[in-house]
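Structure first, then comments.
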Amino acid sequence: QVQLVESGGGLVQPGGSLRLSCATSGSIFRIISMGWYRQAPGKQRDWVAIVTSAGTTNYVDSVKGRFTVSRDDAKNTMYLQMNSLKPEDTAVYYCKAFNGFRDYWGQGTQVTVSS
């Protein structure tokens with residue numbers, strides 16, 4: 001079992017920045033990859049960024065150059081640094097871990113970009 005807890009969401013003005021954290025616990029040694037997803041009201045949950053155990057990262061086109069995903073294995077935590085935020089980035093952000101057999105999800109953290 002893997003437990004995930006997101007934090008760091010909030011209200012920010014357009015052009016601002018936030019850093020989300022995803023703290024992991026449990027059988028984390030089995031984790032192959034971790035990622036960030038987001039779900040806006042009335043829309044499906046979409047992939048945002050991914051980081052593998054080897055450190056490889058990938059991003060959806062709409063956040064490239066603005067968001068950075070990283071992992072601190074010493075702290076068992078994944079981060080999403082979000083810069084130049086836009087109103088269309090408003091959503092609940094979820095972290096996900098994949099251990100080769102199944103996905104584990106956190107409870108989500110709300111990010112609202114508004115003036």
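Quick note on naming: the chains in the structure tokens go A, B, ... in the order shown, residues restart at 1 in each chain, and ligands are numbered from 1 in order of appearance.
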
>> Env of stretch 55-57 of chain A: 8 Å cut, atoms = only C-alpha atoms, seq-sep filter 6 positions within chain, self excluded. Answer as a VMD selection string.
In response: chain A and resid 49 69 to 71

Mind listing the strand (DSSP E or B) residues of stretch 44-113 of chain A, per DSSP on the backbone, as a PDB file with all heavy atoms, in the first residue's frame?
ATOM      1  N   ASP A  46      -7.152  15.183 -16.045  1.00  0.00           N
ATOM      2  CA  ASP A  46      -6.140  15.146 -17.095  1.00  0.00           C
ATOM      3  C   ASP A  46      -4.733  15.067 -16.504  1.00  0.00           C
ATOM      4  O   ASP A  46      -4.458  15.627 -15.442  1.00  0.00           O
ATOM      5  CB  ASP A  46      -6.226  16.396 -17.985  1.00  0.00           C
ATOM      6  CG  ASP A  46      -7.477  16.419 -18.833  1.00  0.00           C
ATOM      7  OD1 ASP A  46      -7.914  15.337 -19.259  1.00  0.00           O
ATOM      8  OD2 ASP A  46      -8.005  17.521 -19.065  1.00  0.00           O
ATOM      9  N   TRP A  47      -3.858  14.431 -17.240  1.00  0.00           N
ATOM     10  CA  TRP A  47      -2.449  14.318 -16.850  1.00  0.00           C
ATOM     11  C   TRP A  47      -1.764  15.659 -17.043  1.00  0.00           C
ATOM     12  O   TRP A  47      -2.021  16.374 -18.011  1.00  0.00           O
ATOM     13  CB  TRP A  47      -1.804  13.247 -17.732  1.00  0.00           C
ATOM     14  CG  TRP A  47      -0.327  13.242 -17.721  1.00  0.00           C
ATOM     15  CD1 TRP A  47       0.498  12.829 -16.725  1.00  0.00           C
ATOM     16  CD2 TRP A  47       0.526  13.687 -18.782  1.00  0.00           C
ATOM     17  NE1 TRP A  47       1.806  12.976 -17.114  1.00  0.00           N
ATOM     18  CE2 TRP A  47       1.854  13.497 -18.360  1.00  0.00           C
ATOM     19  CE3 TRP A  47       0.293  14.224 -20.047  1.00  0.00           C
ATOM     20  CZ2 TRP A  47       2.940  13.813 -19.157  1.00  0.00           C
ATOM     21  CZ3 TRP A  47       1.375  14.545 -20.845  1.00  0.00           C
ATOM     22  CH2 TRP A  47       2.674  14.349 -20.398  1.00  0.00           C
ATOM     23  N   VAL A  48      -0.866  16.020 -16.124  1.00  0.00           N
ATOM     24  CA  VAL A  48      -0.134  17.273 -16.189  1.00  0.00           C
ATOM     25  C   VAL A  48       1.368  17.037 -16.340  1.00  0.00           C
ATOM     26  O   VAL A  48       2.019  17.608 -17.204  1.00  0.00           O
ATOM     27  CB  VAL A  48      -0.395  18.129 -14.937  1.00  0.00           C
ATOM     28  CG1 VAL A  48       0.459  19.392 -14.943  1.00  0.00           C
ATOM     29  CG2 VAL A  48      -1.870  18.474 -14.818  1.00  0.00           C
ATOM     30  N   ALA A  49       1.924  16.191 -15.447  1.00  0.00           N
ATOM     31  CA  ALA A  49       3.370  15.980 -15.443  1.00  0.00           C
ATOM     32  C   ALA A  49       3.668  14.629 -14.826  1.00  0.00           C
ATOM     33  O   ALA A  49       2.894  14.128 -14.007  1.00  0.00           O
ATOM     34  CB  ALA A  49       4.076  17.079 -14.658  1.00  0.00           C
ATOM     35  N   ILE A  50       4.813  14.061 -15.217  1.00  0.00           N
ATOM     36  CA  ILE A  50       5.216  12.767 -14.696  1.00  0.00           C
ATOM     37  C   ILE A  50       6.718  12.761 -14.438  1.00  0.00           C
ATOM     38  O   ILE A  50       7.467  13.448 -15.145  1.00  0.00           O
ATOM     39  CB  ILE A  50       4.833  11.625 -15.670  1.00  0.00           C
ATOM     40  CG1 ILE A  50       5.083  10.257 -15.047  1.00  0.00           C
ATOM     41  CG2 ILE A  50       5.607  11.761 -16.977  1.00  0.00           C
ATOM     42  CD1 ILE A  50       4.535   9.109 -15.871  1.00  0.00           C
ATOM     43  N   VAL A  51       7.134  12.015 -13.414  1.00  0.00           N
ATOM     44  CA  VAL A  51       8.554  11.809 -13.142  1.00  0.00           C
ATOM     45  C   VAL A  51       8.750  10.342 -12.792  1.00  0.00           C
ATOM     46  O   VAL A  51       8.008   9.786 -11.978  1.00  0.00           O
ATOM     47  CB  VAL A  51       9.076  12.739 -12.022  1.00  0.00           C
ATOM     48  CG1 VAL A  51       8.295  12.552 -10.727  1.00  0.00           C
ATOM     49  CG2 VAL A  51      10.570  12.523 -11.788  1.00  0.00           C
ATOM     50  N   THR A  52       9.708   9.703 -13.446  1.00  0.00           N
ATOM     51  CA  THR A  52       9.959   8.289 -13.193  1.00  0.00           C
ATOM     52  C   THR A  52      10.985   8.115 -12.070  1.00  0.00           C
ATOM     53  O   THR A  52      11.614   9.079 -11.634  1.00  0.00           O
ATOM     54  CB  THR A  52      10.482   7.601 -14.458  1.00  0.00           C
ATOM     55  OG1 THR A  52      11.812   8.074 -14.724  1.00  0.00           O
ATOM     56  CG2 THR A  52       9.584   7.894 -15.657  1.00  0.00           C
ATOM     57  N   THR A  57      11.395  13.155 -16.821  1.00  0.00           N
ATOM     58  CA  THR A  57      10.175  13.951 -16.666  1.00  0.00           C
ATOM     59  C   THR A  57       9.509  14.188 -18.013  1.00  0.00           C
ATOM     60  O   THR A  57      10.157  14.143 -19.068  1.00  0.00           O
ATOM     61  CB  THR A  57      10.476  15.310 -16.018  1.00  0.00           C
ATOM     62  OG1 THR A  57      11.399  16.034 -16.839  1.00  0.00           O
ATOM     63  CG2 THR A  57      11.080  15.132 -14.636  1.00  0.00           C
ATOM     64  N   ASN A  58       8.224  14.450 -17.947  1.00  0.00           N
ATOM     65  CA  ASN A  58       7.468  14.786 -19.144  1.00  0.00           C
ATOM     66  C   ASN A  58       6.274  15.635 -18.724  1.00  0.00           C
ATOM     67  O   ASN A  58       5.786  15.508 -17.585  1.00  0.00           O
ATOM     68  CB  ASN A  58       7.002  13.537 -19.885  1.00  0.00           C
ATOM     69  CG  ASN A  58       6.722  13.808 -21.343  1.00  0.00           C
ATOM     70  OD1 ASN A  58       6.912  14.924 -21.830  1.00  0.00           O
ATOM     71  ND2 ASN A  58       6.266  12.796 -22.060  1.00  0.00           N
ATOM     72  N   TYR A  59       5.812  16.495 -19.655  1.00  0.00           N
ATOM     73  CA  TYR A  59       4.759  17.442 -19.335  1.00  0.00           C
ATOM     74  C   TYR A  59       3.742  17.532 -20.474  1.00  0.00           C
ATOM     75  O   TYR A  59       4.093  17.385 -21.652  1.00  0.00           O
ATOM     76  CB  TYR A  59       5.354  18.843 -19.123  1.00  0.00           C
ATOM     77  CG  TYR A  59       6.402  18.921 -18.057  1.00  0.00           C
ATOM     78  CD1 TYR A  59       7.744  18.679 -18.349  1.00  0.00           C
ATOM     79  CD2 TYR A  59       6.062  19.228 -16.740  1.00  0.00           C
ATOM     80  CE1 TYR A  59       8.720  18.739 -17.372  1.00  0.00           C
ATOM     81  CE2 TYR A  59       7.025  19.306 -15.755  1.00  0.00           C
ATOM     82  CZ  TYR A  59       8.350  19.056 -16.071  1.00  0.00           C
ATOM     83  OH  TYR A  59       9.305  19.122 -15.094  1.00  0.00           O
ATOM     84  N   PHE A  67       5.740  24.782 -15.596  1.00  0.00           N
ATOM     85  CA  PHE A  67       5.682  23.855 -14.464  1.00  0.00           C
ATOM     86  C   PHE A  67       6.939  22.985 -14.441  1.00  0.00           C
ATOM     87  O   PHE A  67       7.468  22.611 -15.508  1.00  0.00           O
ATOM     88  CB  PHE A  67       4.468  22.941 -14.567  1.00  0.00           C
ATOM     89  CG  PHE A  67       3.138  23.616 -14.357  1.00  0.00           C
ATOM     90  CD1 PHE A  67       3.011  24.998 -14.297  1.00  0.00           C
ATOM     91  CD2 PHE A  67       1.995  22.846 -14.202  1.00  0.00           C
ATOM     92  CE1 PHE A  67       1.783  25.606 -14.102  1.00  0.00           C
ATOM     93  CE2 PHE A  67       0.749  23.439 -13.991  1.00  0.00           C
ATOM     94  CZ  PHE A  67       0.651  24.819 -13.962  1.00  0.00           C
ATOM     95  N   THR A  68       7.373  22.626 -13.240  1.00  0.00           N
ATOM     96  CA  THR A  68       8.504  21.717 -13.071  1.00  0.00           C
ATOM     97  C   THR A  68       8.168  20.675 -12.020  1.00  0.00           C
ATOM     98  O   THR A  68       7.815  21.033 -10.893  1.00  0.00           O
ATOM     99  CB  THR A  68       9.767  22.467 -12.651  1.00  0.00           C
ATOM    100  OG1 THR A  68      10.076  23.480 -13.614  1.00  0.00           O
ATOM    101  CG2 THR A  68      10.950  21.505 -12.530  1.00  0.00           C
ATOM    102  N   VAL A  69       8.270  19.408 -12.395  1.00  0.00           N
ATOM    103  CA  VAL A  69       8.032  18.313 -11.459  1.00  0.00           C
ATOM    104  C   VAL A  69       9.382  17.787 -10.975  1.00  0.00           C
ATOM    105  O   VAL A  69      10.350  17.716 -11.748  1.00  0.00           O
ATOM    106  CB  VAL A  69       7.199  17.189 -12.118  1.00  0.00           C
ATOM    107  CG1 VAL A  69       7.915  16.573 -13.307  1.00  0.00           C
ATOM    108  CG2 VAL A  69       6.837  16.125 -11.093  1.00  0.00           C
ATOM    109  N   SER A  70       9.438  17.440  -9.697  1.00  0.00           N
ATOM    110  CA  SER A  70      10.688  16.917  -9.140  1.00  0.00           C
ATOM    111  C   SER A  70      10.381  15.975  -7.992  1.00  0.00           C
ATOM    112  O   SER A  70       9.256  15.943  -7.479  1.00  0.00           O
ATOM    113  CB  SER A  70      11.576  18.069  -8.659  1.00  0.00           C
ATOM    114  OG  SER A  70      10.937  18.815  -7.641  1.00  0.00           O
ATOM    115  N   ARG A  71      11.404  15.204  -7.618  1.00  0.00           N
ATOM    116  CA  ARG A  71      11.274  14.275  -6.502  1.00  0.00           C
ATOM    117  C   ARG A  71      12.434  14.468  -5.546  1.00  0.00           C
ATOM    118  O   ARG A  71      13.568  14.690  -5.978  1.00  0.00           O
ATOM    119  CB  ARG A  71      11.302  12.819  -7.005  1.00  0.00           C
ATOM    120  CG  ARG A  71      10.115  12.402  -7.784  1.00  0.00           C
ATOM    121  CD  ARG A  71      10.304  11.041  -8.421  1.00  0.00           C
ATOM    122  NE  ARG A  71      10.570   9.987  -7.426  1.00  0.00           N
ATOM    123  CZ  ARG A  71      10.381   8.703  -7.671  1.00  0.00           C
ATOM    124  NH1 ARG A  71       9.943   8.310  -8.850  1.00  0.00           N
ATOM    125  NH2 ARG A  71      10.657   7.798  -6.747  1.00  0.00           N
ATOM    126  N   ASP A  72      12.149  14.397  -4.263  1.00  0.00           N
ATOM    127  CA  ASP A  72      13.180  14.366  -3.227  1.00  0.00           C
ATOM    128  C   ASP A  72      13.023  13.026  -2.518  1.00  0.00           C
ATOM    129  O   ASP A  72      12.181  12.882  -1.629  1.00  0.00           O
ATOM    130  CB  ASP A  72      13.001  15.545  -2.262  1.00  0.00           C
ATOM    131  CG  ASP A  72      14.125  15.622  -1.235  1.00  0.00           C
ATOM    132  OD1 ASP A  72      14.779  14.586  -0.974  1.00  0.00           O
ATOM    133  OD2 ASP A  72      14.349  16.714  -0.698  1.00  0.00           O
ATOM    134  N   THR A  77       9.032  12.733  -1.126  1.00  0.00           N
ATOM    135  CA  THR A  77       8.084  13.765  -1.540  1.00  0.00           C
ATOM    136  C   THR A  77       8.306  14.139  -2.998  1.00  0.00           C
ATOM    137  O   THR A  77       9.439  14.224  -3.463  1.00  0.00           O
ATOM    138  CB  THR A  77       8.229  15.022  -0.665  1.00  0.00           C
ATOM    139  OG1 THR A  77       8.007  14.666   0.706  1.00  0.00           O
ATOM    140  CG2 THR A  77       7.233  16.097  -1.064  1.00  0.00           C
ATOM    141  N   MET A  78       7.202  14.355  -3.695  1.00  0.00           N
ATOM    142  CA  MET A  78       7.226  14.859  -5.070  1.00  0.00           C
ATOM    143  C   MET A  78       6.690  16.286  -5.056  1.00  0.00           C
ATOM    144  O   MET A  78       5.797  16.608  -4.256  1.00  0.00           O
ATOM    145  CB  MET A  78       6.371  13.989  -5.982  1.00  0.00           C
ATOM    146  CG  MET A  78       6.270  14.500  -7.408  1.00  0.00           C
ATOM    147  SD  MET A  78       5.274  13.446  -8.491  1.00  0.00           S
ATOM    148  CE  MET A  78       3.655  13.570  -7.741  1.00  0.00           C
ATOM    149  N   TYR A  79       7.217  17.118  -5.932  1.00  0.00           N
ATOM    150  CA  TYR A  79       6.811  18.514  -5.973  1.00  0.00           C
ATOM    151  C   TYR A  79       6.337  18.893  -7.380  1.00  0.00           C
ATOM    152  O   TYR A  79       6.713  18.278  -8.378  1.00  0.00           O
ATOM    153  CB  TYR A  79       7.977  19.428  -5.597  1.00  0.00           C
ATOM    154  CG  TYR A  79       8.558  19.164  -4.247  1.00  0.00           C
ATOM    155  CD1 TYR A  79       9.706  18.389  -4.102  1.00  0.00           C
ATOM    156  CD2 TYR A  79       7.960  19.665  -3.092  1.00  0.00           C
ATOM    157  CE1 TYR A  79      10.254  18.128  -2.856  1.00  0.00           C
ATOM    158  CE2 TYR A  79       8.499  19.418  -1.834  1.00  0.00           C
ATOM    159  CZ  TYR A  79       9.636  18.649  -1.728  1.00  0.00           C
ATOM    160  OH  TYR A  79      10.170  18.392  -0.488  1.00  0.00           O
ATOM    161  N   LEU A  80       5.520  19.934  -7.435  1.00  0.00           N
ATOM    162  CA  LEU A  80       5.163  20.552  -8.701  1.00  0.00           C
ATOM    163  C   LEU A  80       5.304  22.058  -8.516  1.00  0.00           C
ATOM    164  O   LEU A  80       4.470  22.679  -7.843  1.00  0.00           O
ATOM    165  CB  LEU A  80       3.745  20.196  -9.142  1.00  0.00           C
ATOM    166  CG  LEU A  80       3.357  20.713 -10.519  1.00  0.00           C
ATOM    167  CD1 LEU A  80       4.186  20.015 -11.602  1.00  0.00           C
ATOM    168  CD2 LEU A  80       1.868  20.507 -10.787  1.00  0.00           C
ATOM    169  N   GLN A  81       6.357  22.624  -9.081  1.00  0.00           N
ATOM    170  CA  GLN A  81       6.548  24.065  -9.053  1.00  0.00           C
ATOM    171  C   GLN A  81       5.785  24.656 -10.232  1.00  0.00           C
ATOM    172  O   GLN A  81       6.039  24.295 -11.383  1.00  0.00           O
ATOM    173  CB  GLN A  81       8.031  24.410  -9.160  1.00  0.00           C
ATOM    174  CG  GLN A  81       8.313  25.903  -9.203  1.00  0.00           C
ATOM    175  CD  GLN A  81       7.949  26.600  -7.904  1.00  0.00           C
ATOM    176  OE1 GLN A  81       8.255  26.110  -6.821  1.00  0.00           O
ATOM    177  NE2 GLN A  81       7.295  27.764  -8.004  1.00  0.00           N
ATOM    178  N   MET A  82       4.859  25.540  -9.940  1.00  0.00           N
ATOM    179  CA  MET A  82       4.002  26.125 -10.970  1.00  0.00           C
ATOM    180  C   MET A  82       4.252  27.623 -11.036  1.00  0.00           C
ATOM    181  O   MET A  82       4.002  28.344 -10.055  1.00  0.00           O
ATOM    182  CB  MET A  82       2.531  25.841 -10.660  1.00  0.00           C
ATOM    183  CG  MET A  82       2.221  24.359 -10.478  1.00  0.00           C
ATOM    184  SD  MET A  82       0.456  24.022 -10.284  1.00  0.00           S
ATOM    185  CE  MET A  82       0.153  24.833  -8.722  1.00  0.00           C
ATOM    186  N   ALA A  91      -7.954  24.254 -10.929  1.00  0.00           N
ATOM    187  CA  ALA A  91      -8.406  22.868 -10.875  1.00  0.00           C
ATOM    188  C   ALA A  91      -8.057  22.285  -9.508  1.00  0.00           C
ATOM    189  O   ALA A  91      -7.321  22.897  -8.733  1.00  0.00           O
ATOM    190  CB  ALA A  91      -7.738  22.037 -11.975  1.00  0.00           C
ATOM    191  N   VAL A  92      -8.577  21.096  -9.256  1.00  0.00           N
ATOM    192  CA  VAL A  92      -8.073  20.288  -8.145  1.00  0.00           C
ATOM    193  C   VAL A  92      -6.910  19.471  -8.687  1.00  0.00           C
ATOM    194  O   VAL A  92      -7.053  18.798  -9.718  1.00  0.00           O
ATOM    195  CB  VAL A  92      -9.160  19.366  -7.576  1.00  0.00           C
ATOM    196  CG1 VAL A  92      -8.587  18.494  -6.466  1.00  0.00           C
ATOM    197  CG2 VAL A  92     -10.341  20.187  -7.061  1.00  0.00           C
ATOM    198  N   TYR A  93      -5.785  19.546  -8.014  1.00  0.00           N
ATOM    199  CA  TYR A  93      -4.575  18.843  -8.441  1.00  0.00           C
ATOM    200  C   TYR A  93      -4.390  17.592  -7.586  1.00  0.00           C
ATOM    201  O   TYR A  93      -4.446  17.660  -6.354  1.00  0.00           O
ATOM    202  CB  TYR A  93      -3.360  19.757  -8.338  1.00  0.00           C
ATOM    203  CG  TYR A  93      -3.292  20.765  -9.462  1.00  0.00           C
ATOM    204  CD1 TYR A  93      -4.193  21.819  -9.536  1.00  0.00           C
ATOM    205  CD2 TYR A  93      -2.340  20.652 -10.470  1.00  0.00           C
ATOM    206  CE1 TYR A  93      -4.158  22.736 -10.573  1.00  0.00           C
ATOM    207  CE2 TYR A  93      -2.283  21.555 -11.520  1.00  0.00           C
ATOM    208  CZ  TYR A  93      -3.197  22.591 -11.565  1.00  0.00           C
ATOM    209  OH  TYR A  93      -3.157  23.495 -12.606  1.00  0.00           O
ATOM    210  N   TYR A  94      -4.153  16.482  -8.273  1.00  0.00           N
ATOM    211  CA  TYR A  94      -3.980  15.192  -7.610  1.00  0.00           C
ATOM    212  C   TYR A  94      -2.594  14.630  -7.935  1.00  0.00           C
ATOM    213  O   TYR A  94      -2.106  14.778  -9.056  1.00  0.00           O
ATOM    214  CB  TYR A  94      -5.004  14.178  -8.096  1.00  0.00           C
ATOM    215  CG  TYR A  94      -6.441  14.548  -7.838  1.00  0.00           C
ATOM    216  CD1 TYR A  94      -7.165  15.311  -8.746  1.00  0.00           C
ATOM    217  CD2 TYR A  94      -7.088  14.105  -6.683  1.00  0.00           C
ATOM    218  CE1 TYR A  94      -8.488  15.648  -8.516  1.00  0.00           C
ATOM    219  CE2 TYR A  94      -8.414  14.424  -6.436  1.00  0.00           C
ATOM    220  CZ  TYR A  94      -9.110  15.198  -7.358  1.00  0.00           C
ATOM    221  OH  TYR A  94     -10.413  15.521  -7.124  1.00  0.00           O
ATOM    222  N   CYS A  95      -1.985  13.948  -6.970  1.00  0.00           N
ATOM    223  CA  CYS A  95      -0.787  13.202  -7.286  1.00  0.00           C
ATOM    224  C   CYS A  95      -1.129  11.724  -7.366  1.00  0.00           C
ATOM    225  O   CYS A  95      -2.077  11.245  -6.731  1.00  0.00           O
ATOM    226  CB  CYS A  95       0.332  13.447  -6.286  1.00  0.00           C
ATOM    227  SG  CYS A  95       0.037  12.892  -4.604  1.00  0.00           S
ATOM    228  N   LYS A  96      -0.358  11.024  -8.177  1.00  0.00           N
ATOM    229  CA  LYS A  96      -0.575   9.606  -8.408  1.00  0.00           C
ATOM    230  C   LYS A  96       0.747   8.874  -8.390  1.00  0.00           C
ATOM    231  O   LYS A  96       1.762   9.388  -8.864  1.00  0.00           O
ATOM    232  CB  LYS A  96      -1.254   9.390  -9.768  1.00  0.00           C
ATOM    233  CG  LYS A  96      -1.716   7.971 -10.014  1.00  0.00           C
ATOM    234  CD  LYS A  96      -2.104   7.753 -11.462  1.00  0.00           C
ATOM    235  CE  LYS A  96      -0.903   7.478 -12.330  1.00  0.00           C
ATOM    236  NZ  LYS A  96      -1.286   7.028 -13.684  1.00  0.00           N
ATOM    237  N   ALA A  97       0.740   7.672  -7.831  1.00  0.00           N
ATOM    238  CA  ALA A  97       1.913   6.804  -7.832  1.00  0.00           C
ATOM    239  C   ALA A  97       1.545   5.486  -8.481  1.00  0.00           C
ATOM    240  O   ALA A  97       0.444   4.983  -8.279  1.00  0.00           O
ATOM    241  CB  ALA A  97       2.418   6.579  -6.414  1.00  0.00           C
ATOM    242  N   PHE A  98       2.469   4.948  -9.251  1.00  0.00           N
ATOM    243  CA  PHE A  98       2.266   3.667  -9.934  1.00  0.00           C
ATOM    244  C   PHE A  98       3.383   2.731  -9.521  1.00  0.00           C
ATOM    245  O   PHE A  98       4.565   3.068  -9.637  1.00  0.00           O
ATOM    246  CB  PHE A  98       2.271   3.864 -11.449  1.00  0.00           C
ATOM    247  CG  PHE A  98       2.163   2.590 -12.232  1.00  0.00           C
ATOM    248  CD1 PHE A  98       1.024   1.793 -12.131  1.00  0.00           C
ATOM    249  CD2 PHE A  98       3.184   2.169 -13.080  1.00  0.00           C
ATOM    250  CE1 PHE A  98       0.919   0.615 -12.851  1.00  0.00           C
ATOM    251  CE2 PHE A  98       3.088   1.001 -13.803  1.00  0.00           C
ATOM    252  CZ  PHE A  98       1.947   0.220 -13.690  1.00  0.00           C
ATOM    253  N   ASP A 103      -2.454   1.947  -9.547  1.00  0.00           N
ATOM    254  CA  ASP A 103      -2.275   3.362  -9.252  1.00  0.00           C
ATOM    255  C   ASP A 103      -2.770   3.653  -7.840  1.00  0.00           C
ATOM    256  O   ASP A 103      -3.742   3.066  -7.367  1.00  0.00           O
ATOM    257  CB  ASP A 103      -3.081   4.225 -10.231  1.00  0.00           C
ATOM    258  CG  ASP A 103      -2.577   4.129 -11.659  1.00  0.00           C
ATOM    259  OD1 ASP A 103      -1.360   3.962 -11.836  1.00  0.00           O
ATOM    260  OD2 ASP A 103      -3.407   4.232 -12.581  1.00  0.00           O
ATOM    261  N   TYR A 104      -2.100   4.597  -7.189  1.00  0.00           N
ATOM    262  CA  TYR A 104      -2.534   5.136  -5.915  1.00  0.00           C
ATOM    263  C   TYR A 104      -2.725   6.645  -6.083  1.00  0.00           C
ATOM    264  O   TYR A 104      -1.909   7.299  -6.752  1.00  0.00           O
ATOM    265  CB  TYR A 104      -1.492   4.882  -4.817  1.00  0.00           C
ATOM    266  CG  TYR A 104      -1.298   3.427  -4.495  1.00  0.00           C
ATOM    267  CD1 TYR A 104      -0.383   2.650  -5.204  1.00  0.00           C
ATOM    268  CD2 TYR A 104      -2.042   2.807  -3.494  1.00  0.00           C
ATOM    269  CE1 TYR A 104      -0.205   1.317  -4.915  1.00  0.00           C
ATOM    270  CE2 TYR A 104      -1.866   1.465  -3.194  1.00  0.00           C
ATOM    271  CZ  TYR A 104      -0.948   0.724  -3.918  1.00  0.00           C
ATOM    272  OH  TYR A 104      -0.785  -0.600  -3.637  1.00  0.00           O
ATOM    273  N   TRP A 105      -3.778   7.168  -5.470  1.00  0.00           N
ATOM    274  CA  TRP A 105      -4.119   8.589  -5.628  1.00  0.00           C
ATOM    275  C   TRP A 105      -4.164   9.288  -4.280  1.00  0.00           C
ATOM    276  O   TRP A 105      -4.557   8.697  -3.273  1.00  0.00           O
ATOM    277  CB  TRP A 105      -5.487   8.740  -6.291  1.00  0.00           C
ATOM    278  CG  TRP A 105      -5.535   8.308  -7.720  1.00  0.00           C
ATOM    279  CD1 TRP A 105      -5.827   7.061  -8.191  1.00  0.00           C
ATOM    280  CD2 TRP A 105      -5.280   9.122  -8.874  1.00  0.00           C
ATOM    281  NE1 TRP A 105      -5.772   7.050  -9.573  1.00  0.00           N
ATOM    282  CE2 TRP A 105      -5.444   8.301 -10.015  1.00  0.00           C
ATOM    283  CE3 TRP A 105      -4.939  10.457  -9.046  1.00  0.00           C
ATOM    284  CZ2 TRP A 105      -5.270   8.789 -11.317  1.00  0.00           C
ATOM    285  CZ3 TRP A 105      -4.775  10.940 -10.347  1.00  0.00           C
ATOM    286  CH2 TRP A 105      -4.937  10.098 -11.459  1.00  0.00           C
ATOM    287  N   THR A 109      -5.669  18.746  -3.999  1.00  0.00           N
ATOM    288  CA  THR A 109      -5.539  20.071  -3.411  1.00  0.00           C
ATOM    289  C   THR A 109      -6.009  21.107  -4.434  1.00  0.00           C
ATOM    290  O   THR A 109      -5.679  21.011  -5.613  1.00  0.00           O
ATOM    291  CB  THR A 109      -4.085  20.354  -2.959  1.00  0.00           C
ATOM    292  OG1 THR A 109      -4.015  21.605  -2.271  1.00  0.00           O
ATOM    293  CG2 THR A 109      -3.111  20.356  -4.119  1.00  0.00           C
ATOM    294  N   GLN A 110      -6.799  22.068  -3.983  1.00  0.00           N
ATOM    295  CA  GLN A 110      -7.403  23.041  -4.887  1.00  0.00           C
ATOM    296  C   GLN A 110      -6.419  24.148  -5.235  1.00  0.00           C
ATOM    297  O   GLN A 110      -5.779  24.735  -4.354  1.00  0.00           O
ATOM    298  CB  GLN A 110      -8.644  23.670  -4.243  1.00  0.00           C
ATOM    299  CG  GLN A 110      -9.307  24.762  -5.060  1.00  0.00           C
ATOM    300  CD  GLN A 110      -9.988  24.236  -6.303  1.00  0.00           C
ATOM    301  OE1 GLN A 110     -10.716  23.245  -6.254  1.00  0.00           O
ATOM    302  NE2 GLN A 110      -9.764  24.892  -7.436  1.00  0.00           N
ATOM    303  N   VAL A 111      -6.317  24.440  -6.513  1.00  0.00           N
ATOM    304  CA  VAL A 111      -5.542  25.583  -7.010  1.00  0.00           C
ATOM    305  C   VAL A 111      -6.505  26.493  -7.754  1.00  0.00           C
ATOM    306  O   VAL A 111      -7.179  26.053  -8.699  1.00  0.00           O
ATOM    307  CB  VAL A 111      -4.400  25.134  -7.935  1.00  0.00           C
ATOM    308  CG1 VAL A 111      -3.745  26.359  -8.597  1.00  0.00           C
ATOM    309  CG2 VAL A 111      -3.374  24.333  -7.167  1.00  0.00           C
ATOM    310  N   THR A 112      -6.576  27.744  -7.325  1.00  0.00           N
ATOM    311  CA  THR A 112      -7.449  28.725  -7.970  1.00  0.00           C
ATOM    312  C   THR A 112      -6.607  29.904  -8.413  1.00  0.00           C
ATOM    313  O   THR A 112      -5.909  30.522  -7.589  1.00  0.00           O
ATOM    314  CB  THR A 112      -8.556  29.198  -7.019  1.00  0.00           C
ATOM    315  OG1 THR A 112      -9.313  28.072  -6.584  1.00  0.00           O
ATOM    316  CG2 THR A 112      -9.476  30.187  -7.731  1.00  0.00           C
ATOM    317  N   VAL A 113      -6.667  30.203  -9.708  1.00  0.00           N
ATOM    318  CA  VAL A 113      -5.926  31.328 -10.273  1.00  0.00           C
ATOM    319  C   VAL A 113      -6.935  32.386 -10.684  1.00  0.00           C
ATOM    320  O   VAL A 113      -7.693  32.192 -11.644  1.00  0.00           O
ATOM    321  CB  VAL A 113      -5.066  30.898 -11.467  1.00  0.00           C
ATOM    322  CG1 VAL A 113      -4.209  32.081 -11.948  1.00  0.00           C
ATOM    323  CG2 VAL A 113      -4.183  29.711 -11.104  1.00  0.00           C
TER     324      VAL A 113
END

>> Quick one: residues within 6 Å of stretch 3-15 of chain A, only C-alpha atoms, excluding same-chain residues fewer than 6 positions away - as a list of chain:residue names?
In response: A:Ser21, A:Cys22, A:Ala23, A:Thr24, A:Ser25, A:Ser84, A:Leu85, A:Lys86, A:Gly106, A:Gly108, A:Thr109, A:Gln110, A:Val111, A:Thr112, A:Val113, A:Ser114, A:Ser115

> If you count only C-alpha atoms, which residues fall within 10 Å of A:Arg30, apart from same-chain ones fewer than 5 positions away, as JSON, numbers by chain?
Replying inline: {"A": [1, 2, 53, 97, 98, 99, 100, 101]}
